[in-house]
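Below is entry09.txt, which holds compact mmCIF, C-alpha atoms and all ligand atoms.
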```txt
# COMPACT_ATOMS: atom_id res chain seq x y z
CA MET A 33 6.97 25.66 35.49
CA SER A 34 6.45 24.93 31.83
CA ASP A 35 5.95 21.35 30.70
CA SER A 36 8.98 20.20 28.68
CA THR A 37 7.97 16.54 28.57
CA VAL A 38 8.63 14.76 25.28
CA TYR A 39 5.39 12.96 24.41
CA ARG A 40 5.90 9.96 22.11
CA ALA A 41 3.94 7.24 20.34
CA SER A 42 5.15 4.75 17.77
CA THR A 43 3.58 2.39 15.31
CA THR A 44 4.38 0.16 12.41
CA ALA A 45 2.18 0.07 9.32
CA PRO A 46 1.88 -2.28 6.36
CA VAL A 47 1.98 -1.97 2.61
CA ASN A 48 -1.11 -2.93 0.65
CA ILE A 49 -1.34 -4.07 -2.96
CA ALA A 50 -4.64 -3.48 -4.73
CA VAL A 51 -6.44 -6.20 -6.64
CA ILE A 52 -9.00 -3.65 -7.87
CA LYS A 53 -7.00 -0.56 -8.68
CA TYR A 54 -7.53 3.04 -7.65
CA TRP A 55 -6.68 5.14 -10.71
CA GLY A 56 -8.25 8.55 -11.12
CA LYS A 57 -9.40 11.38 -8.85
CA ARG A 58 -12.66 13.24 -8.98
CA ASP A 59 -11.27 15.84 -6.55
CA THR A 60 -7.52 16.38 -6.46
CA ALA A 61 -7.50 18.58 -3.34
CA LEU A 62 -9.42 16.12 -1.16
CA ASN A 63 -7.97 13.09 -2.95
CA LEU A 64 -11.36 11.65 -3.83
CA PRO A 65 -11.25 8.74 -6.27
CA THR A 66 -13.30 8.14 -9.40
CA ASN A 67 -13.83 4.51 -8.41
CA SER A 68 -13.74 2.22 -5.41
CA SER A 69 -10.76 -0.09 -4.95
CA LEU A 70 -9.84 -3.17 -2.95
CA SER A 71 -6.53 -4.40 -1.62
CA VAL A 72 -4.77 -7.10 0.33
CA THR A 73 -2.73 -5.84 3.29
CA LEU A 74 0.72 -7.45 3.22
CA SER A 75 2.50 -8.87 6.24
CA GLN A 76 4.75 -6.57 8.21
CA LYS A 77 7.13 -9.48 8.68
CA SER A 78 8.36 -8.53 5.20
CA LEU A 79 7.58 -4.89 4.43
CA LYS A 80 6.82 -2.15 6.93
CA THR A 81 7.10 1.46 7.89
CA HIS A 82 8.05 2.30 11.47
CA THR A 83 7.11 5.79 12.62
CA THR A 84 7.45 7.68 15.88
CA ALA A 85 5.37 10.80 16.44
CA SER A 86 6.58 13.06 19.21
CA CYS A 87 5.78 16.53 20.43
CA SER A 88 7.11 18.80 23.11
CA SER A 89 7.00 22.46 24.02
CA SER A 90 10.80 22.22 24.22
CA TYR A 91 10.94 21.66 20.44
CA SER A 92 11.77 24.69 18.40
CA GLY A 93 10.69 25.37 14.87
CA PRO A 94 7.94 23.99 12.72
CA ASP A 95 6.70 20.39 12.50
CA SER A 96 9.36 18.12 10.99
CA LEU A 97 9.77 14.67 9.47
CA LEU A 98 13.00 12.71 9.28
CA LEU A 99 12.45 9.99 6.69
CA ASN A 100 15.07 7.25 6.42
CA GLY A 101 17.55 9.59 8.14
CA GLU A 102 16.95 12.54 5.79
CA PRO A 103 14.84 15.62 6.53
CA GLU A 104 11.70 15.61 4.35
CA ASP A 105 10.17 18.95 3.38
CA ILE A 106 6.71 18.62 4.91
CA GLN A 107 6.06 22.36 5.09
CA SER A 108 5.49 22.58 1.36
CA SER A 109 3.64 19.25 1.15
CA LYS A 110 -0.06 20.17 1.00
CA ARG A 111 -0.95 16.55 1.59
CA THR A 112 1.07 16.17 4.77
CA GLN A 113 -0.18 19.55 5.98
CA ALA A 114 -3.79 18.43 5.40
CA CYS A 115 -3.20 15.31 7.51
CA LEU A 116 -1.54 17.26 10.35
CA GLN A 117 -4.29 19.89 10.39
CA LEU A 118 -7.07 17.32 10.61
CA LEU A 119 -5.31 15.36 13.36
CA ARG A 120 -4.77 18.57 15.37
CA ARG A 121 -8.44 19.47 14.93
CA PHE A 122 -9.50 16.08 16.33
CA ARG A 123 -7.09 16.48 19.26
CA LYS A 124 -8.44 20.00 19.95
CA ASP A 125 -11.91 18.46 20.40
CA VAL A 126 -10.47 15.95 22.87
CA GLU A 127 -8.63 18.70 24.78
CA ALA A 128 -11.76 20.88 24.83
CA LYS A 129 -13.68 18.12 26.59
CA ASP A 130 -11.04 17.54 29.29
CA SER A 131 -9.07 20.57 30.48
CA SER A 132 -6.68 18.42 32.53
CA LEU A 133 -5.12 17.03 29.33
CA PRO A 134 -1.82 18.50 28.10
CA LYS A 135 -2.27 20.92 25.19
CA LEU A 136 -0.40 18.81 22.66
CA THR A 137 -1.90 20.75 19.76
CA ASP A 138 0.22 23.80 20.66
CA MET A 139 3.48 21.83 20.47
CA PRO A 140 5.59 21.26 17.34
CA LEU A 141 5.60 17.69 16.07
CA LYS A 142 8.82 15.80 15.44
CA LEU A 143 8.18 12.74 13.27
CA VAL A 144 10.79 10.11 12.54
CA SER A 145 10.12 7.30 10.12
CA ILE A 146 11.92 4.39 8.50
CA ASN A 147 10.79 2.20 5.63
CA ASN A 148 12.47 -1.21 5.64
CA PHE A 149 12.23 -1.30 1.82
CA PRO A 150 12.97 1.14 -1.05
CA THR A 151 11.06 4.43 -0.91
CA ALA A 152 9.32 5.83 -4.03
CA ALA A 153 10.18 2.73 -6.05
CA GLY A 154 6.72 1.39 -6.79
CA LEU A 155 6.56 -0.68 -3.60
CA ALA A 156 3.78 1.39 -2.01
CA SER A 157 5.93 3.31 0.48
CA SER A 158 3.50 6.23 0.34
CA ALA A 159 0.66 3.93 1.44
CA ALA A 160 2.54 2.48 4.43
CA GLY A 161 4.19 5.85 5.11
CA PHE A 162 1.03 7.96 5.39
CA ALA A 163 -0.85 5.22 7.24
CA ALA A 164 1.98 5.07 9.80
CA LEU A 165 2.14 8.87 10.09
CA VAL A 166 -1.61 9.17 10.75
CA ARG A 167 -1.72 6.17 13.09
CA ALA A 168 1.31 7.33 15.11
CA ILE A 169 -0.07 10.85 15.60
CA ALA A 170 -3.54 9.50 16.42
CA ASN A 171 -1.87 7.35 19.11
CA LEU A 172 0.15 10.31 20.40
CA TYR A 173 -3.01 12.43 20.58
CA GLU A 174 -4.96 9.52 22.10
CA LEU A 175 -7.74 9.98 19.56
CA PRO A 176 -10.78 7.76 20.01
CA HIS A 177 -11.30 7.47 16.24
CA SER A 178 -11.63 4.09 14.52
CA PRO A 179 -9.31 3.03 11.66
CA THR A 180 -12.17 3.77 9.24
CA GLN A 181 -12.52 7.30 10.63
CA LEU A 182 -8.76 7.79 10.38
CA SER A 183 -8.86 6.53 6.78
CA LEU A 184 -10.47 9.87 5.85
CA ILE A 185 -7.27 11.57 6.96
CA ALA A 186 -4.74 9.12 5.51
CA ARG A 187 -6.57 9.31 2.17
CA GLN A 188 -5.60 12.96 1.96
CA GLY A 189 -1.92 12.05 2.35
CA SER A 190 -2.03 9.44 -0.39
CA GLY A 191 -5.17 7.71 -1.65
CA SER A 192 -3.90 4.17 -1.28
CA ALA A 193 -2.74 4.92 2.30
CA CYS A 194 -6.32 4.80 3.57
CA ARG A 195 -6.31 1.03 2.90
CA SER A 196 -3.16 0.46 5.02
CA LEU A 197 -4.88 1.37 8.30
CA MET A 198 -6.48 -2.07 8.39
CA GLY A 199 -5.34 -5.64 7.96
CA GLY A 200 -6.64 -8.45 5.80
CA TYR A 201 -8.84 -7.50 2.87
CA VAL A 202 -9.76 -3.83 2.62
CA ALA A 203 -12.18 -1.89 0.41
CA TRP A 204 -11.94 1.85 -0.17
CA ARG A 205 -15.44 3.03 -0.99
CA ALA A 206 -15.24 5.88 -3.48
CA GLY A 207 -18.26 7.62 -1.95
CA SER A 208 -20.26 10.30 -3.73
CA SER A 209 -20.43 13.29 -1.38
CA LYS A 210 -18.58 16.45 -2.36
CA ASP A 211 -16.82 16.81 0.97
CA GLY A 212 -15.51 13.22 0.86
CA GLN A 213 -17.01 12.20 4.20
CA ASP A 214 -18.19 8.92 2.67
CA SER A 215 -14.89 8.16 0.91
CA ILE A 216 -13.57 5.73 3.49
CA ALA A 217 -11.78 2.42 3.84
CA GLU A 218 -13.20 -0.60 5.63
CA GLU A 219 -11.96 -4.09 6.37
CA ILE A 220 -14.20 -6.48 4.43
CA ALA A 221 -12.52 -9.59 5.85
CA PRO A 222 -9.83 -9.99 8.51
CA VAL A 223 -6.61 -11.94 7.94
CA SER A 224 -8.10 -14.87 9.89
CA HIS A 225 -10.83 -15.27 7.25
CA TRP A 226 -8.37 -16.22 4.48
CA PRO A 227 -4.89 -16.41 6.03
CA GLU A 228 -3.54 -18.71 3.31
CA MET A 229 -3.13 -15.88 0.80
CA ARG A 230 0.52 -15.46 -0.23
CA ALA A 231 2.26 -12.86 -2.36
CA LEU A 232 5.51 -13.06 -4.25
CA ILE A 233 6.92 -9.72 -5.37
CA LEU A 234 9.34 -9.71 -8.28
CA VAL A 235 11.28 -6.48 -7.91
CA VAL A 236 12.10 -5.48 -11.44
CA SER A 237 13.22 -2.02 -10.66
CA ALA A 238 13.86 -0.47 -7.28
CA ASP A 239 14.67 2.88 -8.89
CA LYS A 240 12.40 5.90 -8.71
CA LYS A 241 9.55 5.38 -11.13
CA GLY A 242 8.96 7.24 -14.39
CA VAL A 243 5.49 8.81 -14.19
CA ALA A 244 4.33 9.37 -10.59
CA SER A 245 0.88 7.93 -9.91
CA THR A 246 -0.65 11.31 -8.96
CA ALA A 247 0.28 12.84 -12.32
CA GLY A 248 -0.29 9.66 -14.32
CA MET A 249 -3.83 9.16 -13.11
CA GLN A 250 -4.79 12.73 -13.99
CA THR A 251 -3.48 12.28 -17.53
CA THR A 252 -5.64 9.15 -17.78
CA VAL A 253 -8.76 10.91 -16.44
CA GLU A 254 -8.29 13.76 -18.91
CA THR A 255 -7.35 11.83 -22.05
CA SER A 256 -8.18 8.11 -21.98
CA THR A 257 -11.19 7.07 -24.03
CA LEU A 258 -11.43 3.78 -22.13
CA PHE A 259 -11.36 5.37 -18.70
CA LYS A 260 -15.01 6.38 -18.37
CA ALA A 261 -16.25 2.83 -18.92
CA ARG A 262 -13.66 1.51 -16.47
CA ALA A 263 -14.64 3.90 -13.68
CA GLU A 264 -18.39 3.86 -14.21
CA GLU A 265 -19.21 0.32 -15.32
CA ILE A 266 -16.31 -2.11 -15.13
CA VAL A 267 -14.93 -1.43 -11.66
CA PRO A 268 -18.28 -1.35 -9.81
CA LYS A 269 -19.07 -4.82 -11.23
CA ARG A 270 -15.60 -6.09 -10.37
CA MET A 271 -15.79 -4.75 -6.81
CA ALA A 272 -18.88 -6.91 -6.28
CA LEU A 273 -17.23 -9.95 -7.88
CA MET A 274 -14.09 -9.49 -5.82
CA GLU A 275 -15.99 -9.17 -2.56
CA GLU A 276 -17.88 -12.37 -3.38
CA ALA A 277 -14.61 -14.14 -4.26
CA ILE A 278 -13.02 -13.09 -0.97
CA GLN A 279 -16.05 -14.00 1.15
CA ALA A 280 -16.21 -17.44 -0.54
CA LYS A 281 -12.39 -17.83 -0.56
CA ASP A 282 -12.77 -18.62 -4.25
CA PHE A 283 -9.20 -18.25 -5.54
CA PRO A 284 -9.90 -18.80 -9.27
CA LYS A 285 -12.51 -16.02 -9.19
CA PHE A 286 -10.17 -13.80 -7.15
CA ALA A 287 -7.35 -14.49 -9.62
CA GLU A 288 -9.36 -13.83 -12.77
CA THR A 289 -10.75 -10.57 -11.39
CA THR A 290 -7.31 -9.45 -10.16
CA MET A 291 -5.57 -10.05 -13.49
CA LYS A 292 -8.39 -8.51 -15.53
CA ASP A 293 -8.38 -5.40 -13.37
CA SER A 294 -4.61 -4.95 -13.55
CA ASN A 295 -4.80 -5.31 -17.34
CA SER A 296 -7.70 -2.85 -17.57
CA PHE A 297 -5.77 -0.27 -15.51
CA HIS A 298 -2.63 -0.66 -17.68
CA ALA A 299 -4.76 -0.54 -20.85
CA CYS A 300 -6.11 2.84 -19.67
CA CYS A 301 -2.53 3.99 -19.05
CA LEU A 302 -1.52 3.03 -22.58
CA ASP A 303 -4.70 4.68 -23.90
CA SER A 304 -3.73 7.97 -22.20
CA TRP A 305 -2.07 10.76 -24.12
CA PRO A 306 0.86 10.95 -23.95
CA PRO A 307 0.75 7.20 -23.33
CA ILE A 308 1.98 5.92 -19.98
CA HIS A 309 4.07 2.75 -19.98
CA TYR A 310 4.54 1.14 -16.60
CA LEU A 311 5.05 -2.44 -17.76
CA ASN A 312 8.24 -3.60 -19.47
CA ASP A 313 9.56 -6.85 -20.99
CA VAL A 314 10.29 -8.29 -17.55
CA SER A 315 6.73 -7.54 -16.41
CA ARG A 316 5.40 -9.25 -19.53
CA ALA A 317 7.65 -12.27 -18.87
CA ALA A 318 6.15 -12.48 -15.36
CA MET A 319 2.64 -12.41 -16.86
CA ASN A 320 3.64 -15.09 -19.33
CA ALA A 321 5.07 -17.24 -16.51
CA VAL A 322 1.86 -16.94 -14.48
CA GLU A 323 -0.22 -17.89 -17.53
CA THR A 324 1.99 -20.95 -18.16
CA ILE A 325 1.80 -22.02 -14.50
CA ASN A 326 -2.00 -21.71 -14.58
CA ARG A 327 -2.23 -23.65 -17.84
CA ARG A 328 -0.10 -26.46 -16.42
CA ALA A 329 -2.21 -26.58 -13.25
CA GLY A 330 -5.42 -26.70 -15.30
CA GLU A 331 -6.93 -23.96 -13.13
CA LEU A 332 -6.09 -20.49 -11.89
CA VAL A 333 -3.60 -20.98 -9.06
CA ALA A 334 -1.71 -17.69 -9.50
CA ALA A 335 -2.67 -14.08 -10.20
CA TYR A 336 -0.41 -11.23 -11.30
CA THR A 337 -1.02 -7.56 -10.64
CA PHE A 338 1.10 -4.46 -11.36
CA ASP A 339 0.94 -0.97 -9.85
CA ALA A 340 2.45 2.17 -11.37
CA GLY A 341 5.72 0.42 -12.21
CA PRO A 342 7.14 -2.80 -13.65
CA ASN A 343 7.29 -4.84 -10.39
CA ALA A 344 5.06 -7.93 -10.44
CA VAL A 345 3.02 -8.98 -7.43
CA ILE A 346 1.87 -12.58 -7.72
CA TYR A 347 -0.86 -13.81 -5.40
CA TYR A 348 -1.39 -17.55 -4.72
CA GLU A 349 -2.67 -19.79 -1.93
CA GLU A 350 -0.28 -21.50 0.45
CA LYS A 351 -1.40 -24.96 -0.70
CA ASN A 352 -0.11 -24.12 -4.18
CA GLU A 353 3.25 -22.81 -2.97
CA LYS A 354 5.28 -25.39 -4.88
CA LEU A 355 3.21 -25.03 -8.06
CA VAL A 356 3.59 -21.26 -8.14
CA ALA A 357 6.42 -19.86 -6.01
CA GLY A 358 8.41 -23.11 -6.39
CA VAL A 359 8.76 -22.46 -10.13
CA PHE A 360 9.94 -18.89 -9.59
CA ARG A 361 12.33 -20.13 -6.93
CA TYR A 362 13.80 -22.61 -9.39
CA VAL A 363 14.17 -20.02 -12.13
CA LEU A 364 15.40 -17.22 -9.86
CA GLN A 365 17.59 -19.21 -7.44
CA ALA A 366 20.43 -16.72 -7.77
CA VAL A 367 18.30 -13.73 -6.77
CA THR A 368 18.24 -12.56 -3.12
CA GLY A 369 15.10 -12.66 -1.00
CA TRP A 370 14.31 -16.37 -0.65
CA ASP A 371 15.13 -16.32 3.06
CA GLY A 372 12.89 -15.21 5.93
CA GLU A 373 9.74 -16.75 7.30
CA TYR A 374 7.80 -16.92 4.03
CA GLY A 375 10.61 -17.57 1.56
CA SER A 376 12.54 -20.30 3.33
CA ASN A 377 9.49 -22.58 3.36
CA ILE A 378 9.01 -22.44 -0.41
CA PRO A 379 9.90 -25.83 -1.93
CA LEU A 380 11.94 -25.91 -5.12
CA ASN A 381 9.98 -27.00 -8.18
CA ASP A 382 11.18 -27.46 -11.76
CA ARG A 383 11.10 -24.89 -14.56
CA GLY A 384 7.34 -25.29 -14.74
CA GLY A 385 7.24 -25.51 -18.53
CA LEU A 386 8.27 -21.85 -18.88
CA GLU A 387 9.69 -20.92 -22.29
CA ALA A 388 13.45 -20.38 -22.49
CA LYS A 389 12.95 -16.72 -23.44
CA THR A 390 10.71 -16.11 -20.42
CA VAL A 391 13.28 -17.71 -18.13
CA MET A 392 16.09 -15.60 -19.62
CA THR A 393 14.14 -12.36 -19.32
CA LEU A 394 13.20 -13.05 -15.71
CA LYS A 395 16.75 -14.06 -14.80
CA SER A 396 18.25 -10.93 -16.25
CA GLY A 397 15.54 -8.50 -15.14
CA VAL A 398 14.47 -9.46 -11.61
CA SER A 399 16.78 -7.87 -9.06
CA ARG A 400 15.18 -9.06 -5.83
CA ILE A 401 12.34 -11.24 -4.54
CA ILE A 402 10.06 -10.40 -1.63
CA CYS A 403 8.12 -13.35 -0.19
CA THR A 404 5.13 -12.36 1.87
CA GLY A 405 1.44 -12.93 2.51
CA VAL A 406 -1.71 -11.32 3.82
CA GLY A 407 -1.12 -9.59 7.15
CA GLY A 408 -2.56 -7.41 9.87
CA GLY A 409 -2.99 -3.67 10.24
CA PRO A 410 -0.78 -1.13 12.05
CA GLU A 411 0.71 -2.22 15.37
CA GLN A 412 1.59 0.05 18.26
CA THR A 413 5.15 -0.41 19.51
CA ASP A 414 7.28 0.84 22.40
CA GLU A 415 10.32 0.94 20.17
CA HIS A 416 10.63 4.67 19.71
CA LEU A 417 12.70 6.39 17.04
CA VAL A 418 12.89 9.51 19.23
CA ASP A 419 14.55 9.27 22.66
CA GLU A 420 13.24 10.74 25.93
CA ARG A 421 15.14 13.97 25.29
CA GLY A 422 13.58 14.38 21.88
CA GLN A 423 16.59 13.31 19.81
CA ALA A 424 16.15 11.03 16.78
CA VAL A 425 17.53 7.60 17.63
CA LYS A 426 20.30 6.37 15.33
CA VAL A 427 19.33 3.02 13.77
P1 LIG B 501 5.76 4.58 -3.75
O1 LIG B 501 5.66 3.87 -5.04
O2 LIG B 501 6.89 4.02 -2.90
O3 LIG B 501 4.48 4.70 -2.99
P2 LIG B 501 5.49 7.45 -4.28
O4 LIG B 501 6.39 8.28 -5.14
O5 LIG B 501 4.07 7.26 -4.68
O6 LIG B 501 6.24 6.06 -4.14
O7 LIG B 501 5.52 8.02 -2.82
C1 LIG B 501 6.74 8.27 -2.16
C2 LIG B 501 6.51 9.42 -1.19
O8 LIG B 501 5.69 8.98 -0.11
C3 LIG B 501 7.79 9.91 -0.52
O9 LIG B 501 8.48 10.84 -1.33
C4 LIG B 501 7.22 10.55 0.75
O10 LIG B 501 6.71 11.83 0.47
C5 LIG B 501 6.05 9.64 1.08
N1 LIG B 501 6.52 8.65 2.06
C6 LIG B 501 7.13 7.48 1.81
N2 LIG B 501 7.44 6.85 2.96
C7 LIG B 501 7.01 7.65 3.96
C8 LIG B 501 7.05 7.55 5.38
N3 LIG B 501 7.58 6.50 5.98
N4 LIG B 501 6.51 8.56 6.09
C9 LIG B 501 5.94 9.62 5.49
N5 LIG B 501 5.89 9.79 4.15
C10 LIG B 501 6.41 8.80 3.40
C1 LIG B 502 -1.57 2.04 -9.10
O1 LIG B 502 -2.20 6.24 -3.75
O2 LIG B 502 0.05 6.55 -4.87
O3 LIG B 502 -0.99 1.83 -6.81
O4 LIG B 502 -3.48 9.37 -4.10
O5 LIG B 502 -2.03 10.44 -5.79
O6 LIG B 502 -1.01 9.52 -3.71
P1 LIG B 502 -2.12 9.40 -4.72
O7 LIG B 502 -1.88 8.02 -5.49
P2 LIG B 502 -1.44 6.61 -4.96
O8 LIG B 502 -1.92 5.71 -6.20
C2 LIG B 502 -1.90 4.33 -6.16
C3 LIG B 502 -2.21 3.79 -7.50
C4 LIG B 502 -2.00 2.30 -7.65
C5 LIG B 502 -3.31 1.54 -7.44
C6 LIG B 502 -3.77 1.31 -6.03
O9 LIG B 502 -2.96 1.24 -5.10
O10 LIG B 502 -5.00 1.14 -5.87
```

In structure tokens, how does this file's structure come out?
Amino acid sequence: MSDSTVYRASTTAPVNIAVIKYWGKRDTALNLPTNSSLSVTLSQKSLKTHTTASCSSSYSGPDSLLLNGEPEDIQSSKRTQACLQLLRRFRKDVEAKDSSLPKLTDMPLKLVSINNFPTAAGLASSAAGFAALVRAIANLYELPHSPTQLSLIARQGSGSACRSLMGGYVAWRAGSSKDGQDSIAEEIAPVSHWPEMRALILVVSADKKGVASTAGMQTTVETSTLFKARAEEIVPKRMALMEEAIQAKDFPKFAETTMKDSNSFHACCLDSWPPIHYLNDVSRAAMNAVETINRRAGELVAAYTFDAGPNAVIYYEEKNEKLVAGVFRYVLQAVTGWDGEYGSNIPLNDRGGLEAKTVMTLKSGVSRIICTGVGGGPEQTDEHLVDERGQAVKV
């Protein structure tokens, strides 16, 4: 009798926000970066992807992905195909060593995934999404590979995804080999090393972004005159500084390096041709607010960083919650997102000396707040999004 069992494994995976940015590929097919990068994994209490990987010989048709309730075309996605192929190859090795194991590699995959936050809106859904996809299938296939080994696969889905396979503070080493075998992510410090790190996300726009990062970074590589110095000289020095700052839990050093690197990345975007504008007036008001808060504190207590979009991510330490997040809470009281485990503990401060124009711009431009902090890596869960008969569960 043929085996019609529905095999399932589920995981959640976090978002990560880089403090040293990945921007530029030296190999677009293998997704190999021009420079190393470093990120903070954000808590899944706030933002997460939940993915179930299932397979069964009773499934008909090709591999499929249901993302947020909608079928996603993964057949024509080279990146997803690359991930699935590599995972199947690893499973084939496992099956070859033990003939009693079910031949999962011959069965179609049915993947179901949900992001609990806007997809393709500059909130790193691709990072959490590909990390969850790779982790869930690795669990389904019972692969013995470490998160660092799996990072080679997730990287091919989306570069930044390789950093979401681990918690805490994560470096993606650019590597130098042609085949990308040394382009891997590794946890440089666990959450427990510096658990006081907090992040406040000012959602300026939850719409789809203008220039997608994949295309934007290639324009920069090809046209920016500043880019070469950034990739070859500036980032390698900053990676070392950032690792020192994290090991020593030196927030002012962390903050200075974070802000300088975000500015350097956006300067390269503006220096590209045609120029790429990710920041807008609301982003600049957020930068101005952080600078004012730091000036008032007499030291760096807050650090802004921006990805390929206008949303601001502001890092600070828990002990400075009132000084930093308390000011934003005062100014943005009417905006949703101040509830939940992180937000509800933030004490109200005053206006923090922010200029009237800054306050006005933030009030009119910030649509939502996300309060979060450093968090752990993917977590296996028994909550499956595919039932025992292989049907997607309605959520
Ligand atoms: P973002 O800024 O949110 O990372 P991108 O445009 O870079 O946006 O990436 C969005 C793409 O990432 C989606 O169109 C989809 O292909 C992929 N993606 C997002 N979430 C998931 C998920 N949960 N599972 C698999 N792929 C995902
Ligand atoms: C600005 O990882 O989305 O967020 O590899 O082409 O999928 P692809 O790009 P992606 O780029 C992220 C760029 C960034 C910086 C970062 O996360 O390091």

One decimal, in Å: what's the spacing between atom CA of Met198 of chain A and atom CA of Arg400 of chain A?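 We find that atom CA of Met198 of chain A and atom CA of Arg400 of chain A lie 26.8 Å from each other.
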
Env. residues ligand LIG 502 (chain B) / 6 Å / only C-alpha atoms and all ligand atoms / as a list in words: Ile49, Ala50, Lys53, Tyr54, Trp55, Asn63, Ser69, Ser190, Gly191, Ser192, Ser245, Thr246, Asp339 and Ala340 of chain A

If we draw a sphere of 9 Å around (10.4, -3.8, -17.9), which residues have at least one atom in it when counting all atoms listed in the file? Please report them as JSON, numbers by chain. {"A": [236, 237, 310, 311, 312, 313, 314, 315, 316, 317, 341, 342, 343, 397]}

So, with all atoms listed in the file as the atoms that count, which of A:Leu232, A:Ile106, A:Val72, A:Val356 lies closest to Arg327 of chain A?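 Result for the nearest residue to Arg327 of chain A: A:Val356.
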
Which is closer to Glu254 of chain A than all the others in A:Pro46, A:Pro134, A:Pro140, A:Gly56, using all atoms listed in the file?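 Distance minimum relative to Glu254 of chain A lands on A:Gly56.
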
Give the answer as one residue: which of A:Phe338, A:Tyr201, A:Phe360, A:Tyr347 has the shortest atom-to-atom distance to Gly154 of chain A, using all atoms listed in the file?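 Closest residue, counting all atoms listed in the file: A:Phe338.
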
Taking 5 positions as the minimum chain separation for residues in the same chain, which residues sit within 9 Å of Val391 of chain A when counting only C-alpha atoms? Answer as a PyMOL selection string. chain A and resi 317+321+363-364+383+386+396

Do a neighbour search on Val425 of chain A at 10 Å with all atoms listed in the file, toss out local chain neighbours closer than 3 positions, and write the hits as a ChimeraX atom specification. /A:101,144,416-420,422

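The gap separating atom CA of Leu234 of chain A from atom CA of Pro307 of chain A is 24.2 Å, in Å to one decimal.
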
In Å, with one decimal, what is the gap from atom CA of Thr137 of chain A to atom CA of Gly212 of chain A?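 According to the coordinates, atom CA of Thr137 of chain A and atom CA of Gly212 of chain A are separated by 24.5 Å.
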
Tell me which of A:Arg167, A:Lys426, A:Lys395, A:Lys351 sits closest to Glu228 of chain A, counting only C-alpha atoms. A:Lys351

Nearby residues (all atoms listed in the file) at most 10 Å from segment 170-184 of chain A, same-chain spacing under 6 positions excluded, as number ranges by chain: A: 39-43, 62-64, 84-87, 115, 118-120, 122-127, 134-137, 163-164, 191-198, 204, 212-219, 409-410, 412

Choose the residue, out of A:Pro103, A:Pro227, A:Gly384, A:Gly375, that has the smallest atom-to-atom separation from Ile278 of chain A; count only C-alpha atoms. A:Pro227

Let me know the centre plus edge lengths, in Å and rounded to one decimal, of a box with edges along x, y and z that contains all listed atoms of segment 90-100 of chain A and is padded by 6 Å on every side, as JSON.
```
{"center_x": 10.9, "center_y": 16.3, "center_z": 15.3, "size_x": 20.4, "size_y": 30.1, "size_z": 29.8}
```
